[in-house]
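To be precise, the following lines are start-v7.pdb, and they hold PDB, C-alpha atoms.
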```pdb
ATOM      1  CA  MET A   1       2.975 -20.558  -5.275
ATOM      2  CA  PHE A   2       1.939 -20.531  -1.607
ATOM      3  CA  VAL A   3       3.416 -17.970   0.786
ATOM      4  CA  LYS A   4       3.046 -18.122   4.579
ATOM      5  CA  GLY A   5       2.605 -14.545   5.805
ATOM      6  CA  GLU A   6       4.307 -15.170   9.130
ATOM      7  CA  VAL A   7       7.592 -16.057   7.424
ATOM      8  CA  VAL A   8       7.721 -12.998   5.161
ATOM      9  CA  GLU A   9      10.231 -10.425   6.383
ATOM     10  CA  SER A  10       9.178  -6.828   6.846
ATOM     11  CA  VAL A  11      11.285  -3.955   5.493
ATOM     12  CA  GLU A  12      11.146  -0.318   6.543
ATOM     13  CA  ALA A  13       9.604   1.611   3.658
ATOM     14  CA  ALA A  14       9.579   5.026   5.395
ATOM     15  CA  ASN A  15       9.507   6.444   8.911
ATOM     16  CA  GLY A  16       6.709   4.555  10.700
ATOM     17  CA  VAL A  17       5.907   2.470   7.605
ATOM     18  CA  SER A  18       6.845  -1.186   7.032
ATOM     19  CA  ARG A  19       6.210  -3.333   3.969
ATOM     20  CA  LYS A  20       5.997  -7.076   3.330
ATOM     21  CA  LEU A  21       6.200  -8.526  -0.168
ATOM     22  CA  LEU A  22       3.532 -11.222   0.152
ATOM     23  CA  SER A  23       3.422 -12.690  -3.334
ATOM     24  CA  ARG A  24       4.347 -12.060  -6.944
ATOM     25  CA  GLY A  25       4.094 -13.814 -10.265
ATOM     26  CA  GLY A  26       3.339 -13.086 -13.893
ATOM     27  CA  GLY A  27       2.506  -9.396 -14.062
ATOM     28  CA  LEU A  28       1.181  -9.097 -10.484
ATOM     29  CA  MET A  29       2.641  -8.235  -7.099
ATOM     30  CA  MET A  30       0.949  -8.012  -3.684
ATOM     31  CA  THR A  31       2.312  -6.195  -0.642
ATOM     32  CA  GLU A  32       1.082  -5.545   2.888
ATOM     33  CA  VAL A  33       1.965  -2.099   4.264
ATOM     34  CA  THR A  34       1.641  -1.306   7.993
ATOM     35  CA  PHE A  35       1.582   2.275   9.294
ATOM     36  CA  GLU A  36       2.024   3.769  12.736
ATOM     37  CA  LYS A  37      -0.475   6.517  13.591
ATOM     38  CA  ASP A  38       0.281   9.750  11.671
ATOM     39  CA  ALA A  39       2.847   8.001   9.438
ATOM     40  CA  ILE A  40       2.911   9.320   5.895
ATOM     41  CA  GLY A  41       3.145   7.611   2.542
ATOM     42  CA  ASP A  42       4.413  10.605   0.535
ATOM     43  CA  ILE A  43       2.674  11.696  -2.656
ATOM     44  CA  HIS A  44       4.244   9.757  -5.517
ATOM     45  CA  TYR A  45       3.347   8.168  -8.846
ATOM     46  CA  HIS A  46       4.500   5.215 -10.926
ATOM     47  CA  ILE A  47       3.695   3.465 -14.188
ATOM     48  CA  HIS A  48       1.998   0.597 -12.353
ATOM     49  CA  GLU A  49      -1.749   0.290 -11.920
ATOM     50  CA  GLN A  50      -2.562  -0.298  -8.259
ATOM     51  CA  ILE A  51      -5.474  -1.482  -6.159
ATOM     52  CA  SER A  52      -5.309  -0.728  -2.439
ATOM     53  CA  TYR A  53      -7.536  -2.501   0.093
ATOM     54  CA  ILE A  54      -7.775  -1.253   3.680
ATOM     55  CA  VAL A  55      -7.304  -4.304   5.909
ATOM     56  CA  GLN A  56      -7.238  -2.500   9.256
ATOM     57  CA  GLY A  57      -7.514   1.048  10.594
ATOM     58  CA  SER A  58      -8.119   4.184   8.564
ATOM     59  CA  PHE A  59      -6.266   6.622   6.333
ATOM     60  CA  GLU A  60      -6.588  10.011   4.733
ATOM     61  CA  PHE A  61      -5.977   9.038   1.115
ATOM     62  CA  ASN A  62      -4.976  11.567  -1.532
ATOM     63  CA  LEU A  63      -5.609  10.448  -5.112
ATOM     64  CA  ASP A  64      -4.726  12.994  -7.779
ATOM     65  CA  GLY A  65      -5.499  15.881  -5.389
ATOM     66  CA  GLU A  66      -8.798  14.451  -4.102
ATOM     67  CA  LYS A  67      -8.663  13.603  -0.386
ATOM     68  CA  LYS A  68     -10.957  11.045   1.254
ATOM     69  CA  VAL A  69     -10.958   9.161   4.526
ATOM     70  CA  VAL A  70     -10.919   5.417   3.877
ATOM     71  CA  GLN A  71     -11.284   2.670   6.453
ATOM     72  CA  LYS A  72     -11.345  -1.094   6.902
ATOM     73  CA  GLY A  73     -13.083  -2.744   3.956
ATOM     74  CA  ASP A  74     -12.646   0.171   1.525
ATOM     75  CA  SER A  75     -10.634  -0.089  -1.689
ATOM     76  CA  ILE A  76      -9.075   2.326  -4.152
ATOM     77  CA  PHE A  77      -8.067   1.911  -7.801
ATOM     78  CA  ILE A  78      -5.028   4.008  -8.738
ATOM     79  CA  PRO A  79      -4.422   4.436 -12.473
ATOM     80  CA  SER A  80      -0.948   4.465 -13.975
ATOM     81  CA  ASN A  81       0.957   7.701 -13.206
ATOM     82  CA  ALA A  82      -1.768   9.107 -10.888
ATOM     83  CA  PRO A  83      -0.249  11.029  -7.943
ATOM     84  CA  HIS A  84      -1.277   9.449  -4.635
ATOM     85  CA  GLY A  85      -0.315   9.233  -0.971
ATOM     86  CA  VAL A  86      -1.709   8.459   2.490
ATOM     87  CA  LYS A  87      -1.635   9.477   6.134
ATOM     88  CA  ALA A  88      -2.503   6.845   8.761
ATOM     89  CA  LEU A  89      -5.215   7.986  11.155
ATOM     90  CA  GLU A  90      -4.875   5.023  13.548
ATOM     91  CA  GLN A  91      -2.029   2.954  14.979
ATOM     92  CA  ASN A  92      -1.227  -0.227  13.021
ATOM     93  CA  SER A  93      -3.331   0.694  10.011
ATOM     94  CA  ILE A  94      -2.755  -1.809   7.197
ATOM     95  CA  ILE A  95      -3.116  -1.558   3.413
ATOM     96  CA  LEU A  96      -2.946  -4.474   0.985
ATOM     97  CA  ASP A  97      -1.500  -3.160  -2.309
ATOM     98  CA  ILE A  98      -1.696  -5.040  -5.599
ATOM     99  CA  PHE A  99       0.359  -3.823  -8.567
ATOM    100  CA  THR A 100       0.569  -4.600 -12.257
ATOM    101  CA  PRO A 101       3.159  -4.837 -13.633
ATOM    102  CA  GLN A 102       5.328  -5.885 -10.702
ATOM    103  CA  ARG A 103       7.224  -3.178  -8.812
ATOM    104  CA  GLU A 104      10.826  -4.060  -9.644
ATOM    105  CA  ASP A 105      11.946  -1.381  -7.160
ATOM    106  CA  PHE A 106      10.451  -3.495  -4.324
ATOM    107  CA  LEU A 107      12.629  -6.530  -5.128
TER     108      LEU A 107
END
```

Translate the structure of the given file into C-alpha coordinates.
Amino acid sequence: MFVKGEVVESVEAANGVSRKLLSRGGGLMMTEVTFEKDAIGDIHYHIHEQISYIVQGSFEFNLDGEKKVVQKGDSIFIPSNAPHGVKALEQNSIILDIFTPQREDFL
(Lines of atoms letter the chains of each structure in order from A and count residues from 1; the text may use other names and numbers.)
(Lines give C-alpha, C1' and ligand atoms only; values in the text may rest on other atoms or scores of the structure.)
Protein backbone atom coordinates (compact mmCIF):
# COMPACT_ATOMS: atom_id res chain seq x y z
CA MET A 1 0.00 0.00 0.00
CA PHE A 2 1.28 3.47 -0.93
CA VAL A 3 0.09 6.53 1.00
CA LYS A 4 0.71 10.13 -0.11
CA GLY A 5 1.40 12.16 3.03
CA GLU A 6 -0.10 15.35 1.64
CA VAL A 7 -3.53 13.73 1.31
CA VAL A 8 -3.66 12.32 4.84
CA GLU A 9 -5.96 14.33 7.10
CA SER A 10 -4.70 15.59 10.43
CA VAL A 11 -6.76 15.16 13.61
CA GLU A 12 -6.37 17.06 16.86
CA ALA A 13 -4.93 14.64 19.41
CA ALA A 14 -4.63 17.16 22.27
CA ASN A 15 -4.25 20.90 22.76
CA GLY A 16 -1.43 21.94 20.40
CA VAL A 17 -0.94 18.38 19.14
CA SER A 18 -2.09 16.99 15.77
CA ARG A 19 -1.77 13.45 14.44
CA LYS A 20 -1.78 11.89 10.98
CA LEU A 21 -2.29 8.16 10.46
CA LEU A 22 0.26 7.60 7.69
CA SER A 23 0.07 3.86 7.14
CA ARG A 24 -1.07 0.60 8.68
CA GLY A 25 -1.12 -3.06 7.81
CA GLY A 26 -0.58 -6.44 9.40
CA GLY A 27 0.42 -5.75 12.99
CA LEU A 28 1.99 -2.32 12.34
CA MET A 29 0.81 1.27 12.37
CA MET A 30 2.73 4.49 11.68
CA THR A 31 1.67 7.99 12.71
CA GLU A 32 3.16 11.46 12.42
CA VAL A 33 2.54 13.71 15.44
CA THR A 34 3.15 17.49 15.26
CA PHE A 35 3.47 19.63 18.39
CA GLU A 36 3.33 23.35 18.99
CA LYS A 37 6.01 24.67 21.36
CA ASP A 38 5.29 23.68 24.99
CA ALA A 39 2.50 21.28 23.93
CA ILE A 40 2.26 18.19 26.10
CA GLY A 41 1.72 14.55 25.30
CA ASP A 42 0.47 13.45 28.74
CA ILE A 43 2.04 10.51 30.54
CA HIS A 44 0.19 7.38 29.43
CA TYR A 45 0.78 3.71 28.70
CA HIS A 46 -0.65 1.05 26.40
CA ILE A 47 -0.15 -2.59 25.50
CA HIS A 48 1.52 -1.66 22.21
CA GLU A 49 5.27 -1.61 21.70
CA GLN A 50 6.30 1.72 20.18
CA ILE A 51 9.29 3.23 18.42
CA SER A 52 9.41 7.02 18.22
CA TYR A 53 11.71 8.85 15.81
CA ILE A 54 12.25 12.61 16.11
CA VAL A 55 11.78 14.04 12.61
CA GLN A 56 12.03 17.73 13.52
CA GLY A 57 12.56 19.88 16.61
CA SER A 58 13.18 18.65 20.13
CA PHE A 59 11.30 17.24 23.11
CA GLU A 60 11.68 16.51 26.78
CA PHE A 61 10.78 12.82 26.76
CA ASN A 62 9.73 10.97 29.90
CA LEU A 63 10.07 7.19 29.70
CA ASP A 64 9.13 5.31 32.86
CA GLY A 65 10.20 8.28 35.03
CA GLU A 66 13.51 8.91 33.22
CA LYS A 67 13.58 12.30 31.47
CA LYS A 68 15.85 13.07 28.52
CA VAL A 69 15.98 15.76 25.87
CA VAL A 70 15.72 14.21 22.42
CA GLN A 71 16.12 15.99 19.10
CA LYS A 72 16.03 15.49 15.34
CA GLY A 73 17.48 12.10 14.43
CA ASP A 74 17.03 10.51 17.88
CA SER A 75 14.79 7.49 18.49
CA ILE A 76 13.19 5.83 21.50
CA PHE A 77 11.92 2.28 22.04
CA ILE A 78 8.93 2.13 24.40
CA PRO A 79 8.10 -1.32 25.77
CA SER A 80 4.54 -2.50 26.28
CA ASN A 81 2.85 -0.80 29.27
CA ALA A 82 5.79 1.57 29.97
CA PRO A 83 4.56 5.01 31.13
CA HIS A 84 5.73 7.73 28.74
CA GLY A 85 5.01 11.29 27.64
CA VAL A 86 6.59 14.34 25.98
CA LYS A 87 6.81 18.11 26.06
CA ALA A 88 7.73 19.93 22.83
CA LEU A 89 10.65 22.32 23.25
CA GLU A 90 10.32 23.92 19.79
CA GLN A 91 7.48 25.01 17.51
CA ASN A 92 6.40 22.39 14.95
CA SER A 93 8.34 19.55 16.54
CA ILE A 94 7.45 16.25 14.84
CA ILE A 95 7.57 12.63 16.02
CA LEU A 96 7.10 9.58 13.81
CA ASP A 97 5.50 6.84 15.95
CA ILE A 98 5.39 3.18 14.95
CA PHE A 99 3.20 0.77 16.94
CA THR A 100 2.70 -2.97 17.12
CA PRO A 101 0.02 -4.16 17.31
CA GLN A 102 -2.00 -1.42 15.63
CA ARG A 103 -3.63 1.22 17.83
CA GLU A 104 -7.32 0.48 17.30
CA ASP A 105 -8.14 3.63 19.30
CA PHE A 106 -6.56 5.73 16.50
CA LEU A 107 -8.93 4.36 13.83

Query raised in the report: Taking only C-alpha atoms into account, which of A:Leu21, A:Ala82, A:Leu63, A:Val55 comes nearest A:Glu104?
Result: A:Leu21

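Distance-wise, atom CA of A:Phe106 and atom CA of A:Ser10 end up 11.7 Å apart.
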
Query raised in the report: Which residues come within 10 Å of stretch 13-15 of chain A, counting only C-alpha atoms, excluding same-chain residues fewer than 5 positions away, as a ChimeraX atom specification?
Result: /A:20,33-36,39-42,106

Query raised in the report: Residues at most 8 Å from stretch 69-71 of chain A, counting all atoms listed in the file, excluding those fewer than 3 positions away in the same chain, as a PyMOL selection string?
Result: chain A and resi 54+56-61+74-75

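Between atom CA of A:Thr31 and atom CA of A:Phe99 the separation is 8.5 Å.
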
Report summary line: Counting all atoms listed in the file, the residue among A:Val11, A:Val86, A:Leu28, A:Val3 that lies closest to A:Ile43 is A:Val86

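Minimum atom-to-atom distance to A:Gln102, evaluated using only C-alpha atoms, belongs to A:Met29 out of A:Val8, A:Lys68, A:Met29, A:Leu22.
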
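For the atom pair formed by atom CA of A:Leu96 and atom CA of A:Met30, the distance is 7.0 Å, given to one decimal.
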
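Once the PyMOL selection byres ((chain A and resi 88) around 6) is applied to the shown structure, the selection contains Lys37, Asp38, Ala39, Phe59, Lys87, Leu89 and Glu90 of chain A.
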
Report task. Translate the PyMOL selection byres ((chain A and resi 47) around 7), as applied to the file shown, into an explicit residue set as a list in words. Result -> His46, His48, Glu49, Ser80 and Asn81 of chain A

Just C-alpha atoms for this one: save the residues we selected as a PDB file, in the frame of the given file.
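The new file again.pdb reads:
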```pdb
ATOM      1  CA  HIS A  46       4.500   5.215 -10.926  1.00  0.00           C
ATOM      2  CA  HIS A  48       1.998   0.597 -12.353  1.00  0.00           C
ATOM      3  CA  GLU A  49      -1.749   0.290 -11.920  1.00  0.00           C
ATOM      4  CA  SER A  80      -0.948   4.465 -13.975  1.00  0.00           C
ATOM      5  CA  ASN A  81       0.957   7.701 -13.206  1.00  0.00           C
TER       6      ASN A  81
END
```

Enclose the full set of atoms of stretch 102-106 of chain A listed in the file within a box whose edges lie along x, y and z, apply 8 Å of padding to each of the six sides, and report centre and edge lengths in Å to one decimal as JSON.
```
{"center_x": 8.6, "center_y": -3.6, "center_z": -7.5, "size_x": 22.6, "size_y": 20.5, "size_z": 22.4}
```

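If you measure from each of A:Val17, A:Ile95, A:Ile78, A:Ile51 to A:Asp64 using all atoms listed in the file, the closest one turns out to be A:Ile78.
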
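Shortest atom-to-atom contact with A:Gly65 among A:Gly85, A:Pro79, A:Gly5, A:Gly26: A:Gly85, counting only C-alpha atoms.
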
Select stretch 13-58 of chain A in the preceding structure and write N, CA and C atoms to a file as a JSON list (two decimals), in the first residue's frame.
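Ended up saving to selection01.json:
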```json
[["chain", "number", "residue", "atom", "x", "y", "z"],
["A", 13, "ALA", "N", -5.12, 15.69, 18.41],
["A", 13, "ALA", "CA", -4.93, 14.64, 19.41],
["A", 13, "ALA", "C", -5.01, 15.20, 20.83],
["A", 14, "ALA", "N", -4.61, 16.46, 20.99],
["A", 14, "ALA", "CA", -4.63, 17.16, 22.27],
["A", 14, "ALA", "C", -4.43, 18.63, 21.96],
["A", 15, "ASN", "N", -4.47, 19.47, 22.97],
["A", 15, "ASN", "CA", -4.25, 20.90, 22.76],
["A", 15, "ASN", "C", -2.84, 21.14, 22.23],
["A", 16, "GLY", "N", -2.74, 21.68, 21.00],
["A", 16, "GLY", "CA", -1.43, 21.94, 20.40],
["A", 16, "GLY", "C", -0.76, 20.74, 19.79],
["A", 17, "VAL", "N", -1.50, 19.63, 19.67],
["A", 17, "VAL", "CA", -0.94, 18.38, 19.14],
["A", 17, "VAL", "C", -1.87, 17.85, 18.04],
["A", 18, "SER", "N", -1.31, 17.58, 16.85],
["A", 18, "SER", "CA", -2.09, 16.99, 15.77],
["A", 18, "SER", "C", -1.44, 15.69, 15.31],
["A", 19, "ARG", "N", -2.27, 14.77, 14.83],
["A", 19, "ARG", "CA", -1.77, 13.45, 14.44],
["A", 19, "ARG", "C", -2.29, 13.07, 13.07],
["A", 20, "LYS", "N", -1.41, 12.47, 12.26],
["A", 20, "LYS", "CA", -1.78, 11.89, 10.98],
["A", 20, "LYS", "C", -1.51, 10.39, 11.03],
["A", 21, "LEU", "N", -2.48, 9.60, 10.61],
["A", 21, "LEU", "CA", -2.29, 8.16, 10.46],
["A", 21, "LEU", "C", -1.72, 7.94, 9.06],
["A", 22, "LEU", "N", -0.41, 7.68, 8.98],
["A", 22, "LEU", "CA", 0.26, 7.60, 7.69],
["A", 22, "LEU", "C", 0.07, 6.26, 6.99],
["A", 23, "SER", "N", 0.16, 5.17, 7.77],
["A", 23, "SER", "CA", 0.07, 3.86, 7.14],
["A", 23, "SER", "C", -0.22, 2.81, 8.21],
["A", 24, "ARG", "N", -0.85, 1.72, 7.77],
["A", 24, "ARG", "CA", -1.07, 0.60, 8.68],
["A", 24, "ARG", "C", -1.28, -0.66, 7.87],
["A", 25, "GLY", "N", -0.92, -1.78, 8.45],
["A", 25, "GLY", "CA", -1.12, -3.06, 7.81],
["A", 25, "GLY", "C", -0.51, -4.15, 8.66],
["A", 26, "GLY", "N", -1.07, -5.36, 8.56],
["A", 26, "GLY", "CA", -0.58, -6.44, 9.40],
["A", 26, "GLY", "C", -0.68, -6.03, 10.86],
["A", 27, "GLY", "N", 0.41, -6.14, 11.58],
["A", 27, "GLY", "CA", 0.42, -5.75, 12.99],
["A", 27, "GLY", "C", 1.03, -4.40, 13.25],
["A", 28, "LEU", "N", 1.29, -3.60, 12.19],
["A", 28, "LEU", "CA", 1.99, -2.32, 12.34],
["A", 28, "LEU", "C", 1.12, -1.13, 12.02],
["A", 29, "MET", "N", 1.46, -0.01, 12.65],
["A", 29, "MET", "CA", 0.81, 1.27, 12.37],
["A", 29, "MET", "C", 1.86, 2.37, 12.52],
["A", 30, "MET", "N", 1.81, 3.37, 11.61],
["A", 30, "MET", "CA", 2.73, 4.49, 11.68],
["A", 30, "MET", "C", 1.96, 5.80, 11.68],
["A", 31, "THR", "N", 2.30, 6.68, 12.62],
["A", 31, "THR", "CA", 1.67, 7.99, 12.71],
["A", 31, "THR", "C", 2.73, 9.08, 12.76],
["A", 32, "GLU", "N", 2.32, 10.27, 12.31],
["A", 32, "GLU", "CA", 3.16, 11.46, 12.42],
["A", 32, "GLU", "C", 2.44, 12.41, 13.37],
["A", 33, "VAL", "N", 3.15, 12.86, 14.42],
["A", 33, "VAL", "CA", 2.54, 13.71, 15.44],
["A", 33, "VAL", "C", 3.30, 15.04, 15.47],
["A", 34, "THR", "N", 2.56, 16.14, 15.29],
["A", 34, "THR", "CA", 3.15, 17.49, 15.26],
["A", 34, "THR", "C", 2.72, 18.25, 16.50],
["A", 35, "PHE", "N", 3.69, 18.91, 17.14],
["A", 35, "PHE", "CA", 3.47, 19.63, 18.39],
["A", 35, "PHE", "C", 3.81, 21.10, 18.24],
["A", 36, "GLU", "N", 2.96, 21.96, 18.80],
["A", 36, "GLU", "CA", 3.33, 23.35, 18.99],
["A", 36, "GLU", "C", 4.31, 23.42, 20.16],
["A", 37, "LYS", "N", 5.07, 24.51, 20.24],
["A", 37, "LYS", "CA", 6.01, 24.67, 21.36],
["A", 37, "LYS", "C", 5.25, 24.60, 22.68],
["A", 38, "ASP", "N", 5.82, 23.88, 23.64],
["A", 38, "ASP", "CA", 5.29, 23.68, 24.99],
["A", 38, "ASP", "C", 4.05, 22.78, 25.05],
["A", 39, "ALA", "N", 3.62, 22.23, 23.91],
["A", 39, "ALA", "CA", 2.50, 21.28, 23.93],
["A", 39, "ALA", "C", 2.94, 20.00, 24.63],
["A", 40, "ILE", "N", 1.99, 19.37, 25.27],
["A", 40, "ILE", "CA", 2.26, 18.19, 26.10],
["A", 40, "ILE", "C", 1.56, 16.96, 25.54],
["A", 41, "GLY", "N", 2.30, 15.87, 25.48],
["A", 41, "GLY", "CA", 1.72, 14.55, 25.30],
["A", 41, "GLY", "C", 1.72, 13.92, 26.68],
["A", 42, "ASP", "N", 0.56, 13.89, 27.34],
["A", 42, "ASP", "CA", 0.47, 13.45, 28.74],
["A", 42, "ASP", "C", 1.06, 12.06, 28.94],
["A", 43, "ILE", "N", 1.54, 11.83, 30.17],
["A", 43, "ILE", "CA", 2.04, 10.51, 30.54],
["A", 43, "ILE", "C", 0.89, 9.51, 30.37],
["A", 44, "HIS", "N", 1.17, 8.43, 29.67],
["A", 44, "HIS", "CA", 0.19, 7.38, 29.43],
["A", 44, "HIS", "C", 0.93, 6.07, 29.18],
["A", 45, "TYR", "N", 0.19, 4.99, 29.05],
["A", 45, "TYR", "CA", 0.78, 3.71, 28.70],
["A", 45, "TYR", "C", -0.25, 2.90, 27.92],
["A", 46, "HIS", "N", 0.22, 1.90, 27.20],
["A", 46, "HIS", "CA", -0.65, 1.05, 26.40],
["A", 46, "HIS", "C", 0.04, -0.28, 26.17],
["A", 47, "ILE", "N", -0.71, -1.25, 25.71],
["A", 47, "ILE", "CA", -0.15, -2.59, 25.50],
["A", 47, "ILE", "C", 0.81, -2.65, 24.32],
["A", 48, "HIS", "N", 0.75, -1.65, 23.45],
["A", 48, "HIS", "CA", 1.52, -1.66, 22.21],
["A", 48, "HIS", "C", 2.99, -1.37, 22.47],
["A", 49, "GLU", "N", 3.88, -2.04, 21.75],
["A", 49, "GLU", "CA", 5.27, -1.61, 21.70],
["A", 49, "GLU", "C", 5.32, -0.43, 20.73],
["A", 50, "GLN", "N", 6.25, 0.49, 20.98],
["A", 50, "GLN", "CA", 6.30, 1.72, 20.18],
["A", 50, "GLN", "C", 7.75, 2.10, 19.94],
["A", 51, "ILE", "N", 8.02, 2.57, 18.74],
["A", 51, "ILE", "CA", 9.29, 3.23, 18.42],
["A", 51, "ILE", "C", 8.94, 4.63, 17.98],
["A", 52, "SER", "N", 9.60, 5.61, 18.58],
["A", 52, "SER", "CA", 9.41, 7.02, 18.22],
["A", 52, "SER", "C", 10.70, 7.56, 17.62],
["A", 53, "TYR", "N", 10.57, 8.25, 16.50],
["A", 53, "TYR", "CA", 11.71, 8.85, 15.81],
["A", 53, "TYR", "C", 11.45, 10.35, 15.71],
["A", 54, "ILE", "N", 12.41, 11.16, 16.14],
["A", 54, "ILE", "CA", 12.25, 12.61, 16.11],
["A", 54, "ILE", "C", 12.62, 13.11, 14.71],
["A", 55, "VAL", "N", 11.61, 13.57, 13.98],
["A", 55, "VAL", "CA", 11.78, 14.04, 12.61],
["A", 55, "VAL", "C", 12.27, 15.48, 12.59],
["A", 56, "GLN", "N", 11.75, 16.28, 13.52],
["A", 56, "GLN", "CA", 12.03, 17.73, 13.52],
["A", 56, "GLN", "C", 11.86, 18.26, 14.93],
["A", 57, "GLY", "N", 12.70, 19.22, 15.31],
["A", 57, "GLY", "CA", 12.56, 19.88, 16.61],
["A", 57, "GLY", "C", 13.18, 19.08, 17.74],
["A", 58, "SER", "N", 12.67, 19.33, 18.95],
["A", 58, "SER", "CA", 13.18, 18.65, 20.13],
["A", 58, "SER", "C", 12.08, 18.52, 21.18]]
```
